[in-house]
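File shown: query.pdb (PDB, C-alpha atoms, pLDDT in the B column).
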ATOM      1  CA  MET A   3     112.483 105.501  94.113  1.00 57.00           C
ATOM      2  CA  THR A   4     112.265 105.577  97.917  1.00 72.00           C
ATOM      3  CA  SER A   5     112.408 102.385  99.961  1.00 92.00           C
ATOM      4  CA  ILE A   6     109.275 102.146 102.102  1.00 93.00           C
ATOM      5  CA  SER A   7     108.471  99.448 104.651  1.00 95.00           C
ATOM      6  CA  ILE A   8     105.004  99.254 106.216  1.00 96.00           C
ATOM      7  CA  THR A   9     104.396  96.417 108.680  1.00 97.00           C
ATOM      8  CA  ARG A  10     102.310  95.413 111.650  1.00 96.00           C
ATOM      9  CA  ARG A  11     102.987  92.573 114.047  1.00 93.00           C
ATOM     10  CA  ASN A  12      99.769  90.578 114.519  1.00 85.00           C
ATOM     11  CA  PRO A  13      99.131  90.675 118.278  1.00 83.00           C
ATOM     12  CA  LYS A  14      97.547  87.185 118.291  1.00 83.00           C
ATOM     13  CA  THR A  15      99.926  85.261 116.025  1.00 86.00           C
ATOM     14  CA  GLY A  16     103.098  87.364 116.213  1.00 91.00           C
ATOM     15  CA  ARG A  17     103.445  87.208 112.418  1.00 94.00           C
ATOM     16  CA  ALA A  18     104.317  90.319 110.431  1.00 96.00           C
ATOM     17  CA  ALA A  19     101.591  91.659 108.154  1.00 96.00           C
ATOM     18  CA  THR A  20     102.233  93.902 105.149  1.00 96.00           C
ATOM     19  CA  PRO A  21      99.940  95.937 102.881  1.00 97.00           C
ATOM     20  CA  LEU A  22      97.914  93.571 100.738  1.00 95.00           C
ATOM     21  CA  GLN A  23      97.674  94.046  96.993  1.00 95.00           C
ATOM     22  CA  GLU A  24      94.415  92.958  95.382  1.00 94.00           C
ATOM     23  CA  HIS A  25      94.644  92.749  91.590  1.00 95.00           C
ATOM     24  CA  GLY A  26      97.646  95.111  91.661  1.00 96.00           C
ATOM     25  CA  TRP A  27      96.021  97.703  93.947  1.00 97.00           C
ATOM     26  CA  TYR A  28      96.591  98.511  97.604  1.00 97.00           C
ATOM     27  CA  VAL A  29      93.226  98.944  99.340  1.00 97.00           C
ATOM     28  CA  LEU A  30      92.654 101.685 101.905  1.00 96.00           C
ATOM     29  CA  GLY A  31      89.771 102.857 104.063  1.00 95.00           C
ATOM     30  CA  ASP A  32      88.840 106.541 104.099  1.00 93.00           C
ATOM     31  CA  PRO A  33      88.393 107.848 107.673  1.00 91.00           C
ATOM     32  CA  VAL A  34      85.581 110.103 106.465  1.00 89.00           C
ATOM     33  CA  HIS A  35      83.327 107.011 106.387  1.00 91.00           C
ATOM     34  CA  GLY A  36      83.926 106.153 110.055  1.00 88.00           C
ATOM     35  CA  LYS A  37      82.865 102.622 110.993  1.00 88.00           C
ATOM     36  CA  GLN A  38      81.708 101.993 107.419  1.00 88.00           C
ATOM     37  CA  LYS A  39      85.156 102.568 105.855  1.00 89.00           C
ATOM     38  CA  HIS A  40      85.820  98.820 105.536  1.00 88.00           C
ATOM     39  CA  HIS A  41      82.989  98.357 103.026  1.00 87.00           C
ATOM     40  CA  LYS A  42      83.980  97.729  99.417  1.00 86.00           C
ATOM     41  CA  ARG A  43      82.005 100.712  98.095  1.00 87.00           C
ATOM     42  CA  PHE A  44      84.166 103.087 100.168  1.00 88.00           C
ATOM     43  CA  ALA A  45      87.521 101.493  99.278  1.00 93.00           C
ATOM     44  CA  VAL A  46      90.311 103.721  97.986  1.00 96.00           C
ATOM     45  CA  ARG A  47      92.651 101.880  95.615  1.00 97.00           C
ATOM     46  CA  LEU A  48      96.226 102.992  95.034  1.00 97.00           C
ATOM     47  CA  ARG A  49      99.057 101.591  92.906  1.00 97.00           C
ATOM     48  CA  THR A  50     102.218 102.541  94.846  1.00 96.00           C
ATOM     49  CA  LEU A  51     103.497 102.445  98.415  1.00 95.00           C
ATOM     50  CA  GLU A  52     104.396 106.138  98.044  1.00 95.00           C
ATOM     51  CA  GLU A  53     100.688 106.909  97.527  1.00 97.00           C
ATOM     52  CA  VAL A  54      99.752 104.599 100.405  1.00 97.00           C
ATOM     53  CA  LEU A  55     102.213 106.378 102.706  1.00 96.00           C
ATOM     54  CA  ASP A  56     100.768 109.778 101.760  1.00 96.00           C
ATOM     55  CA  HIS A  57      97.254 108.576 102.592  1.00 97.00           C
ATOM     56  CA  LEU A  58      98.355 106.911 105.855  1.00 97.00           C
ATOM     57  CA  ARG A  59      99.783 110.252 106.956  1.00 95.00           C
ATOM     58  CA  ARG A  60      96.292 111.706 106.385  1.00 96.00           C
ATOM     59  CA  GLY A  61      94.618 109.093 108.594  1.00 95.00           C
ATOM     60  CA  PHE A  62      93.583 106.422 106.081  1.00 96.00           C
ATOM     61  CA  SER A  63      93.711 102.748 107.105  1.00 96.00           C
ATOM     62  CA  VAL A  64      95.305 100.084 104.900  1.00 97.00           C
ATOM     63  CA  ARG A  65      94.305  96.459 104.293  1.00 97.00           C
ATOM     64  CA  MET A  66      97.068  94.209 105.666  1.00 96.00           C
ATOM     65  CA  SER A  67      97.764  90.481 105.598  1.00 94.00           C
ATOM     66  CA  ASP A  68     100.391  88.080 106.908  1.00 93.00           C
ATOM     67  CA  GLY A  69      99.574  85.651 104.102  1.00 90.00           C
ATOM     68  CA  LEU A  70      97.878  83.133 106.376  1.00 91.00           C
ATOM     69  CA  THR A  71      95.113  84.919 108.243  1.00 87.00           C
ATOM     70  CA  ARG A  72      92.221  86.916 106.861  1.00 90.00           C
ATOM     71  CA  PRO A  73      93.201  90.445 105.718  1.00 93.00           C
ATOM     72  CA  SER A  74      92.104  93.334 107.903  1.00 92.00           C
ATOM     73  CA  LEU A  75      91.990  97.108 107.727  1.00 94.00           C
ATOM     74  CA  VAL A  76      94.647  98.553 110.029  1.00 95.00           C
ATOM     75  CA  SER A  77      94.825 102.143 111.264  1.00 95.00           C
ATOM     76  CA  PRO A  78      98.058 104.110 110.813  1.00 95.00           C
ATOM     77  CA  LYS A  79      98.690 104.331 114.567  1.00 95.00           C
ATOM     78  CA  SER A  80      99.147 100.527 114.652  1.00 94.00           C
ATOM     79  CA  LEU A  81     101.744 100.430 111.872  1.00 96.00           C
ATOM     80  CA  ASP A  82     105.523 100.423 111.824  1.00 95.00           C
ATOM     81  CA  ILE A  83     106.523 102.689 108.934  1.00 95.00           C
ATOM     82  CA  HIS A  84     110.118 103.079 107.796  1.00 94.00           C
ATOM     83  CA  VAL A  85     111.216 105.258 104.900  1.00 92.00           C
ATOM     84  CA  ALA A  86     114.839 105.098 103.768  1.00 88.00           C
ATOM     85  CA  GLY A  87     116.581 108.393 104.509  1.00 78.00           C
ATOM     86  CA  GLU A  88     113.904 109.701 106.910  1.00 73.00           C
ATOM     87  CA  ARG A  89     114.467 110.158 110.612  1.00 69.00           C
ATOM     88  CA  ALA A  90     111.736 109.093 113.032  1.00 57.00           C
TER      89      ALA A  90
END
Take the structure in the file and write it out as structure tokens.
Amino acid sequence: MTSISITRRNPKTGRAATPLQEHGWYVLGDPVHGKQKHHKRFAVRLRTLEEVLDHLRRGFSVRMSDGLTRPSLVSPKSLDIHVAGERA
């Protein structure tokens, strides 16, 4: 199993947010739905960070939370992604 770290520093609070699991699923937004991708009916649910990483590389956004503030859908360009053994 590969070690994957996906984070985003909240620009307002400075706290680190990570992908949020809802009932055991990571929730992503499909870029095909444009500004509507955040709606529940368009949500893509995945079980593993490996699957999340694959979708992020294809432009999907992922729901993130720092545990204190409301979760939000974050685009891949705003994320810090580290995969053990991969070079940047």
query: Which residues come within 12 Å of Arg72 (chain A), counting only C-alpha atoms, excluding same-chain residues fewer than 3 positions away, as a PyMOL selection string?
result: chain A and resi 12+19+22+65-69+75
Pull C-alpha atoms from the residues just selected and write them as an mmCIF file, in the coordinates of the input.
data_model
loop_
_atom_site.group_PDB
_atom_site.id
_atom_site.type_symbol
_atom_site.label_atom_id
_atom_site.label_comp_id
_atom_site.auth_asym_id
_atom_site.auth_seq_id
_atom_site.Cartn_x
_atom_site.Cartn_y
_atom_site.Cartn_z
ATOM 1 C CA ASN A 12 99.769 90.578 114.519
ATOM 2 C CA ALA A 19 101.591 91.659 108.154
ATOM 3 C CA LEU A 22 97.914 93.571 100.738
ATOM 4 C CA ARG A 65 94.305 96.459 104.293
ATOM 5 C CA MET A 66 97.068 94.209 105.666
ATOM 6 C CA SER A 67 97.764 90.481 105.598
ATOM 7 C CA ASP A 68 100.391 88.080 106.908
ATOM 8 C CA GLY A 69 99.574 85.651 104.102
ATOM 9 C CA LEU A 75 91.990 97.108 107.727
#
query: Separation of CA of Asp56 (chain A) and CA of Arg10 (chain A), in Å?
result: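 A separation of 17.5 Å between them.
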message: Measuring between all atoms listed in the file, which one of A:Leu30, A:Thr71, A:His57, A:Ser63 shows the shortest distance to Phe44 (chain A)?
response: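 Smallest separation from Phe44 (chain A) among the options: A:Leu30.
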- prompt: Residues picked by the PyMOL selection byres ((chain A and resi 52) around 12) here, as a PyMOL selection string?
  reply: chain A and resi 3-8+28+48-51+53-59+83-86
- request: Have a look at CA of Gly16 (chain A) and CA of Lys39 (chain A) and let me know their distance in Å, one decimal.
  value: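 Computing it gives 25.7 Å between the two atoms.
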message: One decimal, in Å: what's the spacing between CA of Val29 (chain A) and CA of Val46 (chain A)?
response: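 Straight-line distance from CA of Val29 (chain A) to CA of Val46 (chain A) works out to 5.8 Å.
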message: Measuring between only C-alpha atoms, which one of A:Pro73, A:Gly87, A:Gly26, A:Pro78 shows the shortest distance to His40 (chain A)?
response: A:Pro73
query: Which of these, A:Ser80, A:His41, A:Glu88, A:Gln23, has the shortest distance to Arg11 (chain A) once you count all atoms listed in the file?
result: A:Ser80
